[in-house]
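Engineer: Take this structure first; my questions come after.
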Amino acid sequence: MYFIAFRAENLNGVLFKASAISTGASFLLFLSSALFSIIGFTTKFVKFSNKRREFLKLSFNISFLIFIFSFLFKGFYNGIKKPFINRVDIKISNLKDDLSLAVLSDIHLGKYLGKSFLELLVDEVNKLNADALLIVGDMFDIKAKDLKDTLNPLNNLKIPCFFVLGNHEYYSGAYELIEVLKKYKVKVLENENLEFKGVNFAGVYDRAGQRFGYLKPNLKKALQNKNENLPTILLAHQPKYIYENVKDEVDLCICGHTHAGQIFPFSLLVLMEQKYLYGLYKEQDKQIYVSSGAGFWGPPVRILAPAEIAFLNLKKG
């Protein structure tokens with residue numbers, strides 16, 4: 001089965017996986033039980049005959065059991081199934097030629113997701129025949145010294161790859177991870193920009209750098225000396241950075257971080273925190289695309305937040 005192929009990376013991770021699944025199940029049960037209690041409490045104020053009340057209570061209990069098992073199954077199924085290809089057309093006013101970009105975010109390679117998952121992602125990206133792959137942070141939940149051959153699938157990429165740091169790279173040792181990526185010919189955009197097929201690719205370090213005190217994001221430096229005759233695409237892991245810092249300096253911002261909330265109704269809290277949750281947003285002269293991410297963090301559960309590989313078709317507008 002699919003999930004065995006890329007989720008069960010090694011036997012040493014069994015206890016961790018069991019713990020993650022248990023945590024996810026517990027959380028979903030808590031949400032469902034809370035909903036059950038609220039609905040059950042409100043029915044006490046509805047006037048029914050005792051016989052009818054008992055019938056409704058039995059019907060409600062059975063319906064709840066069906067709902068909870070469906071809810072659990074769907075959440076875990078969404079967490080382990082292959083990310084879908086999300087094709088999005090984006091018009092860029094001063095674009096000279098059409099450009100296609102594959103976008104990955106929040107892969108979270110580590111104890112649960114490893115080499116075979118990355119291999120699957122690379123295979124899917126290669127099928128798209130995009131012009132470039134953009135990885136917008138949180139690729140790692142593992143230190144560089146523990147990677148071993150995890151990143152070898154990157155050698156099979158048929159297109160150039162560009163990367164910016166996410167907050168989880170800082171937790172695992174950002175300097176070391178950057179050096180490892182360079183060995184796989186991944187271009188890490190470190191508060192800098194370059195020209196690529198008629199556009200400026202710019203990238204900033206993550207907001208987490210401000211908290212850690214190193215590799216801090218600097219938009220001014222990232223855009224310095226860019227070709228003003230070309231549209232600019234900015235890679236930044238957290239949408240909140242775009243909301244706080246970017247006005248009309250760029251044409252398109254590409255982000256991740258949110259996982260589209262991963263588990264509803266957490267998506268509402270994420271939206272409040274990050275301002276942009278998932279999909280394409282347009283604000284005056286700039287556009288923002290936020291990916292829901294390819295992997296997951298914590299329990300292998302996704303509710304109303306499917307994992308994706310974004311395929312952005314940039315067209316002359």
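Please note that chains go A, B, ... in the order of the structure tokens, that every chain numbers its residues from 1, and that ligands are numbered from 1 in the order shown.
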Taking the backbone alone, and naming residues the way the document does, which bits of segment 194-227 of chain A are strand (DSSP E or B) by DSSP, as a ChimeraX atom specification?

Structural biologist: /A:194-196,199-203

Engineer: What's the 9 Å shell around segment 118-121 of chain A, counting only C-alpha atoms, without same-chain residues fewer than 2 positions away, as a PDB file with N, CA, C and O atoms, in the first residue's frame?

Structural biologist:
```pdb
ATOM      1  N   PHE A   6       6.094   4.896   1.791  1.00  0.00           N
ATOM      2  CA  PHE A   6       6.896   6.062   2.137  1.00  0.00           C
ATOM      3  C   PHE A   6       6.744   6.509   3.573  1.00  0.00           C
ATOM      4  O   PHE A   6       7.504   7.355   4.032  1.00  0.00           O
ATOM      5  N   LYS A  82      -1.063  10.373  -0.808  1.00  0.00           N
ATOM      6  CA  LYS A  82      -0.157  11.137  -1.665  1.00  0.00           C
ATOM      7  C   LYS A  82      -0.669  12.555  -1.869  1.00  0.00           C
ATOM      8  O   LYS A  82      -1.858  12.763  -2.131  1.00  0.00           O
ATOM      9  N   PRO A  83       0.204  13.569  -1.753  1.00  0.00           N
ATOM     10  CA  PRO A  83      -0.230  14.945  -2.001  1.00  0.00           C
ATOM     11  C   PRO A  83      -0.806  15.096  -3.406  1.00  0.00           C
ATOM     12  O   PRO A  83      -0.289  14.519  -4.367  1.00  0.00           O
ATOM     13  N   LEU A 104       6.964  23.166  -3.364  1.00  0.00           N
ATOM     14  CA  LEU A 104       6.840  22.284  -2.208  1.00  0.00           C
ATOM     15  C   LEU A 104       7.105  23.093  -0.946  1.00  0.00           C
ATOM     16  O   LEU A 104       7.952  23.990  -0.938  1.00  0.00           O
ATOM     17  N   ILE A 107       7.780  19.847   4.095  1.00  0.00           N
ATOM     18  CA  ILE A 107       7.973  18.416   3.863  1.00  0.00           C
ATOM     19  C   ILE A 107       8.225  17.696   5.189  1.00  0.00           C
ATOM     20  O   ILE A 107       7.807  16.561   5.395  1.00  0.00           O
ATOM     21  N   LEU A 109      10.979  16.355   6.732  1.00  0.00           N
ATOM     22  CA  LEU A 109      11.754  15.128   6.770  1.00  0.00           C
ATOM     23  C   LEU A 109      12.302  14.922   8.175  1.00  0.00           C
ATOM     24  O   LEU A 109      12.843  15.842   8.788  1.00  0.00           O
ATOM     25  N   LEU A 113       8.778  11.014   8.278  1.00  0.00           N
ATOM     26  CA  LEU A 113       8.866  11.114   6.821  1.00  0.00           C
ATOM     27  C   LEU A 113      10.333  11.138   6.421  1.00  0.00           C
ATOM     28  O   LEU A 113      11.106  11.927   6.969  1.00  0.00           O
ATOM     29  N   GLY A 114      10.704  10.297   5.475  1.00  0.00           N
ATOM     30  CA  GLY A 114      12.113  10.179   5.139  1.00  0.00           C
ATOM     31  C   GLY A 114      12.390  10.068   3.660  1.00  0.00           C
ATOM     32  O   GLY A 114      11.710  10.667   2.821  1.00  0.00           O
ATOM     33  N   LYS A 115      13.401   9.293   3.331  1.00  0.00           N
ATOM     34  CA  LYS A 115      13.924   9.203   1.974  1.00  0.00           C
ATOM     35  C   LYS A 115      12.866   8.792   0.963  1.00  0.00           C
ATOM     36  O   LYS A 115      12.765   9.388  -0.119  1.00  0.00           O
ATOM     37  N   SER A 116      12.053   7.783   1.278  1.00  0.00           N
ATOM     38  CA  SER A 116      11.084   7.303   0.297  1.00  0.00           C
ATOM     39  C   SER A 116       9.988   8.331   0.029  1.00  0.00           C
ATOM     40  O   SER A 116       9.445   8.401  -1.076  1.00  0.00           O
ATOM     41  N   ASP A 123       9.661  12.325  -7.845  1.00  0.00           N
ATOM     42  CA  ASP A 123       9.058  11.667  -9.008  1.00  0.00           C
ATOM     43  C   ASP A 123       7.845  12.444  -9.510  1.00  0.00           C
ATOM     44  O   ASP A 123       7.661  12.623 -10.722  1.00  0.00           O
ATOM     45  N   GLU A 124       7.012  12.904  -8.574  1.00  0.00           N
ATOM     46  CA  GLU A 124       5.815  13.660  -8.962  1.00  0.00           C
ATOM     47  C   GLU A 124       6.190  14.998  -9.593  1.00  0.00           C
ATOM     48  O   GLU A 124       5.574  15.436 -10.570  1.00  0.00           O
ATOM     49  N   VAL A 125       7.190  15.651  -9.040  1.00  0.00           N
ATOM     50  CA  VAL A 125       7.640  16.936  -9.592  1.00  0.00           C
ATOM     51  C   VAL A 125       8.202  16.749 -10.992  1.00  0.00           C
ATOM     52  O   VAL A 125       7.928  17.535 -11.907  1.00  0.00           O
ATOM     53  N   ASN A 126       8.987  15.703 -11.191  1.00  0.00           N
ATOM     54  CA  ASN A 126       9.571  15.447 -12.517  1.00  0.00           C
ATOM     55  C   ASN A 126       8.498  15.242 -13.584  1.00  0.00           C
ATOM     56  O   ASN A 126       8.670  15.621 -14.743  1.00  0.00           O
ATOM     57  N   THR A 150      19.211  10.432   3.097  1.00  0.00           N
ATOM     58  CA  THR A 150      17.821  10.889   2.975  1.00  0.00           C
ATOM     59  C   THR A 150      17.605  11.789   1.768  1.00  0.00           C
ATOM     60  O   THR A 150      16.555  11.731   1.111  1.00  0.00           O
ATOM     61  N   LEU A 151      18.581  12.629   1.450  1.00  0.00           N
ATOM     62  CA  LEU A 151      18.415  13.614   0.378  1.00  0.00           C
ATOM     63  C   LEU A 151      18.850  13.102  -0.996  1.00  0.00           C
ATOM     64  O   LEU A 151      18.772  13.855  -1.978  1.00  0.00           O
ATOM     65  N   ASN A 152      19.269  11.873  -1.087  1.00  0.00           N
ATOM     66  CA  ASN A 152      19.730  11.348  -2.378  1.00  0.00           C
ATOM     67  C   ASN A 152      18.714  11.484  -3.510  1.00  0.00           C
ATOM     68  O   ASN A 152      19.099  11.674  -4.674  1.00  0.00           O
ATOM     69  N   PRO A 153      17.401  11.380  -3.234  1.00  0.00           N
ATOM     70  CA  PRO A 153      16.439  11.570  -4.331  1.00  0.00           C
ATOM     71  C   PRO A 153      16.559  12.919  -5.029  1.00  0.00           C
ATOM     72  O   PRO A 153      16.150  13.045  -6.187  1.00  0.00           O
ATOM     73  N   LEU A 154      17.141  13.913  -4.373  1.00  0.00           N
ATOM     74  CA  LEU A 154      17.312  15.222  -5.019  1.00  0.00           C
ATOM     75  C   LEU A 154      18.225  15.116  -6.234  1.00  0.00           C
ATOM     76  O   LEU A 154      18.145  15.950  -7.148  1.00  0.00           O
ATOM     77  N   ASN A 156      17.946  13.109  -8.496  1.00  0.00           N
ATOM     78  CA  ASN A 156      17.122  12.711  -9.636  1.00  0.00           C
ATOM     79  C   ASN A 156      16.264  13.845 -10.184  1.00  0.00           C
ATOM     80  O   ASN A 156      15.539  13.642 -11.169  1.00  0.00           O
ATOM     81  N   ALA A 294       3.372  19.658   1.785  1.00  0.00           N
ATOM     82  CA  ALA A 294       3.355  18.287   1.290  1.00  0.00           C
ATOM     83  C   ALA A 294       3.330  17.264   2.419  1.00  0.00           C
ATOM     84  O   ALA A 294       2.802  16.166   2.257  1.00  0.00           O
ATOM     85  N   ILE A 309       1.212  19.329  -3.863  1.00  0.00           N
ATOM     86  CA  ILE A 309       2.340  19.838  -4.644  1.00  0.00           C
ATOM     87  C   ILE A 309       1.734  20.895  -5.552  1.00  0.00           C
ATOM     88  O   ILE A 309       0.893  20.584  -6.399  1.00  0.00           O
TER      89      ILE A 309
END
```

Engineer: Which one is closest to Asn193 of chain A: A:Gly279, A:Pro231, A:Pro306, A:Pro239? Count only C-alpha atoms.

Structural biologist: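 The closest residue to Asn193 of chain A is A:Pro231.
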
Engineer: Considering only C-alpha atoms, state which residue in the set A:Lys221, A:Lys127, A:His108, A:Lys183 is at the smallest distance from Lys158 of chain A.

Structural biologist: A:Lys127

Engineer: Set the distance at 12 Å and use only C-alpha atoms: which residues neighbour Pro217 of chain A once local chain neighbours fewer than 4 positions away are removed? I'd like the list as a VMD selection string.

Structural biologist: chain A and resid 164 to 167 189 to 192 202 to 213 221 to 223 235 to 238 241 to 242 245

Engineer: Those residues with N, CA and C atoms, as a PDB file, in the first residue's frame please?

Structural biologist:
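Dumped everything to again.pdb:
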```
ATOM      1  N   VAL A 164      14.371  28.247   0.438  1.00  0.00           N
ATOM      2  CA  VAL A 164      14.542  29.217   1.523  1.00  0.00           C
ATOM      3  C   VAL A 164      14.264  28.530   2.855  1.00  0.00           C
ATOM      4  N   LEU A 165      14.868  29.060   3.883  1.00  0.00           N
ATOM      5  CA  LEU A 165      14.720  28.481   5.214  1.00  0.00           C
ATOM      6  C   LEU A 165      13.312  28.671   5.764  1.00  0.00           C
ATOM      7  N   GLY A 166      12.866  27.678   6.566  1.00  0.00           N
ATOM      8  CA  GLY A 166      11.670  27.812   7.377  1.00  0.00           C
ATOM      9  C   GLY A 166      12.066  27.805   8.838  1.00  0.00           C
ATOM     10  N   ASN A 167      11.121  27.981   9.722  1.00  0.00           N
ATOM     11  CA  ASN A 167      11.454  28.030  11.144  1.00  0.00           C
ATOM     12  C   ASN A 167      12.029  26.709  11.658  1.00  0.00           C
ATOM     13  N   LEU A 189      18.474  30.536  -1.360  1.00  0.00           N
ATOM     14  CA  LEU A 189      18.388  31.990  -1.487  1.00  0.00           C
ATOM     15  C   LEU A 189      18.488  32.604  -0.099  1.00  0.00           C
ATOM     16  N   GLU A 190      19.617  33.259   0.164  1.00  0.00           N
ATOM     17  CA  GLU A 190      19.933  33.778   1.485  1.00  0.00           C
ATOM     18  C   GLU A 190      19.916  35.308   1.461  1.00  0.00           C
ATOM     19  N   ASN A 191      18.710  35.864   1.585  1.00  0.00           N
ATOM     20  CA  ASN A 191      18.545  37.324   1.480  1.00  0.00           C
ATOM     21  C   ASN A 191      19.187  37.827   0.190  1.00  0.00           C
ATOM     22  N   GLU A 192      18.839  37.211  -0.926  1.00  0.00           N
ATOM     23  CA  GLU A 192      19.461  37.555  -2.206  1.00  0.00           C
ATOM     24  C   GLU A 192      18.486  37.274  -3.341  1.00  0.00           C
ATOM     25  N   ALA A 202      13.799  35.962  -5.686  1.00  0.00           N
ATOM     26  CA  ALA A 202      14.370  36.508  -4.471  1.00  0.00           C
ATOM     27  C   ALA A 202      13.948  35.647  -3.290  1.00  0.00           C
ATOM     28  N   GLY A 203      14.785  35.568  -2.279  1.00  0.00           N
ATOM     29  CA  GLY A 203      14.448  34.760  -1.115  1.00  0.00           C
ATOM     30  C   GLY A 203      14.994  35.371   0.155  1.00  0.00           C
ATOM     31  N   VAL A 204      14.233  35.259   1.235  1.00  0.00           N
ATOM     32  CA  VAL A 204      14.667  35.791   2.535  1.00  0.00           C
ATOM     33  C   VAL A 204      14.747  34.653   3.559  1.00  0.00           C
ATOM     34  N   TYR A 205      15.584  34.862   4.549  1.00  0.00           N
ATOM     35  CA  TYR A 205      15.598  33.950   5.692  1.00  0.00           C
ATOM     36  C   TYR A 205      14.249  34.033   6.416  1.00  0.00           C
ATOM     37  N   ASP A 206      13.995  33.089   7.285  1.00  0.00           N
ATOM     38  CA  ASP A 206      12.709  33.052   7.985  1.00  0.00           C
ATOM     39  C   ASP A 206      12.674  34.007   9.176  1.00  0.00           C
ATOM     40  N   ARG A 207      11.458  34.351   9.569  1.00  0.00           N
ATOM     41  CA  ARG A 207      11.241  35.216  10.739  1.00  0.00           C
ATOM     42  C   ARG A 207      11.856  34.630  12.004  1.00  0.00           C
ATOM     43  N   ALA A 208      11.983  33.308  12.052  1.00  0.00           N
ATOM     44  CA  ALA A 208      12.565  32.664  13.229  1.00  0.00           C
ATOM     45  C   ALA A 208      13.989  33.148  13.489  1.00  0.00           C
ATOM     46  N   GLY A 209      14.666  33.600  12.434  1.00  0.00           N
ATOM     47  CA  GLY A 209      16.022  34.107  12.598  1.00  0.00           C
ATOM     48  C   GLY A 209      16.098  35.296  13.537  1.00  0.00           C
ATOM     49  N   GLN A 210      15.029  36.070  13.604  1.00  0.00           N
ATOM     50  CA  GLN A 210      15.004  37.206  14.519  1.00  0.00           C
ATOM     51  C   GLN A 210      14.996  36.731  15.961  1.00  0.00           C
ATOM     52  N   ARG A 211      14.295  35.637  16.213  1.00  0.00           N
ATOM     53  CA  ARG A 211      14.222  35.088  17.563  1.00  0.00           C
ATOM     54  C   ARG A 211      15.513  34.359  17.933  1.00  0.00           C
ATOM     55  N   PHE A 212      16.110  33.637  16.965  1.00  0.00           N
ATOM     56  CA  PHE A 212      17.331  32.893  17.241  1.00  0.00           C
ATOM     57  C   PHE A 212      18.572  33.782  17.235  1.00  0.00           C
ATOM     58  N   GLY A 213      18.468  34.935  16.614  1.00  0.00           N
ATOM     59  CA  GLY A 213      19.588  35.880  16.618  1.00  0.00           C
ATOM     60  C   GLY A 213      20.619  35.641  15.538  1.00  0.00           C
ATOM     61  N   LYS A 221      17.914  43.784   1.451  1.00  0.00           N
ATOM     62  CA  LYS A 221      19.092  43.125   0.901  1.00  0.00           C
ATOM     63  C   LYS A 221      18.699  42.101  -0.162  1.00  0.00           C
ATOM     64  N   ALA A 222      17.601  41.398   0.079  1.00  0.00           N
ATOM     65  CA  ALA A 222      17.152  40.367  -0.858  1.00  0.00           C
ATOM     66  C   ALA A 222      16.779  40.952  -2.215  1.00  0.00           C
ATOM     67  N   LEU A 223      16.308  42.186  -2.224  1.00  0.00           N
ATOM     68  CA  LEU A 223      15.871  42.814  -3.469  1.00  0.00           C
ATOM     69  C   LEU A 223      16.922  43.741  -4.070  1.00  0.00           C
ATOM     70  N   LEU A 235      10.371  34.388  -2.341  1.00  0.00           N
ATOM     71  CA  LEU A 235      10.147  33.197  -1.542  1.00  0.00           C
ATOM     72  C   LEU A 235      10.363  33.551  -0.065  1.00  0.00           C
ATOM     73  N   ALA A 236       9.342  33.321   0.742  1.00  0.00           N
ATOM     74  CA  ALA A 236       9.426  33.559   2.182  1.00  0.00           C
ATOM     75  C   ALA A 236       8.560  32.521   2.873  1.00  0.00           C
ATOM     76  N   HIS A 237       9.091  31.873   3.864  1.00  0.00           N
ATOM     77  CA  HIS A 237       8.381  30.741   4.460  1.00  0.00           C
ATOM     78  C   HIS A 237       7.047  31.134   5.083  1.00  0.00           C
ATOM     79  N   GLN A 238       7.032  32.160   5.906  1.00  0.00           N
ATOM     80  CA  GLN A 238       5.823  32.502   6.652  1.00  0.00           C
ATOM     81  C   GLN A 238       5.043  33.633   5.976  1.00  0.00           C
ATOM     82  N   TYR A 241       5.316  37.215   7.368  1.00  0.00           N
ATOM     83  CA  TYR A 241       6.415  38.088   6.964  1.00  0.00           C
ATOM     84  C   TYR A 241       5.999  38.964   5.791  1.00  0.00           C
ATOM     85  N   ILE A 242       5.269  38.387   4.856  1.00  0.00           N
ATOM     86  CA  ILE A 242       4.770  39.154   3.712  1.00  0.00           C
ATOM     87  C   ILE A 242       3.815  40.235   4.191  1.00  0.00           C
ATOM     88  N   ASN A 245       5.859  43.044   5.971  1.00  0.00           N
ATOM     89  CA  ASN A 245       7.011  43.707   5.367  1.00  0.00           C
ATOM     90  C   ASN A 245       6.901  44.059   3.889  1.00  0.00           C
TER      91      ASN A 245
END
```
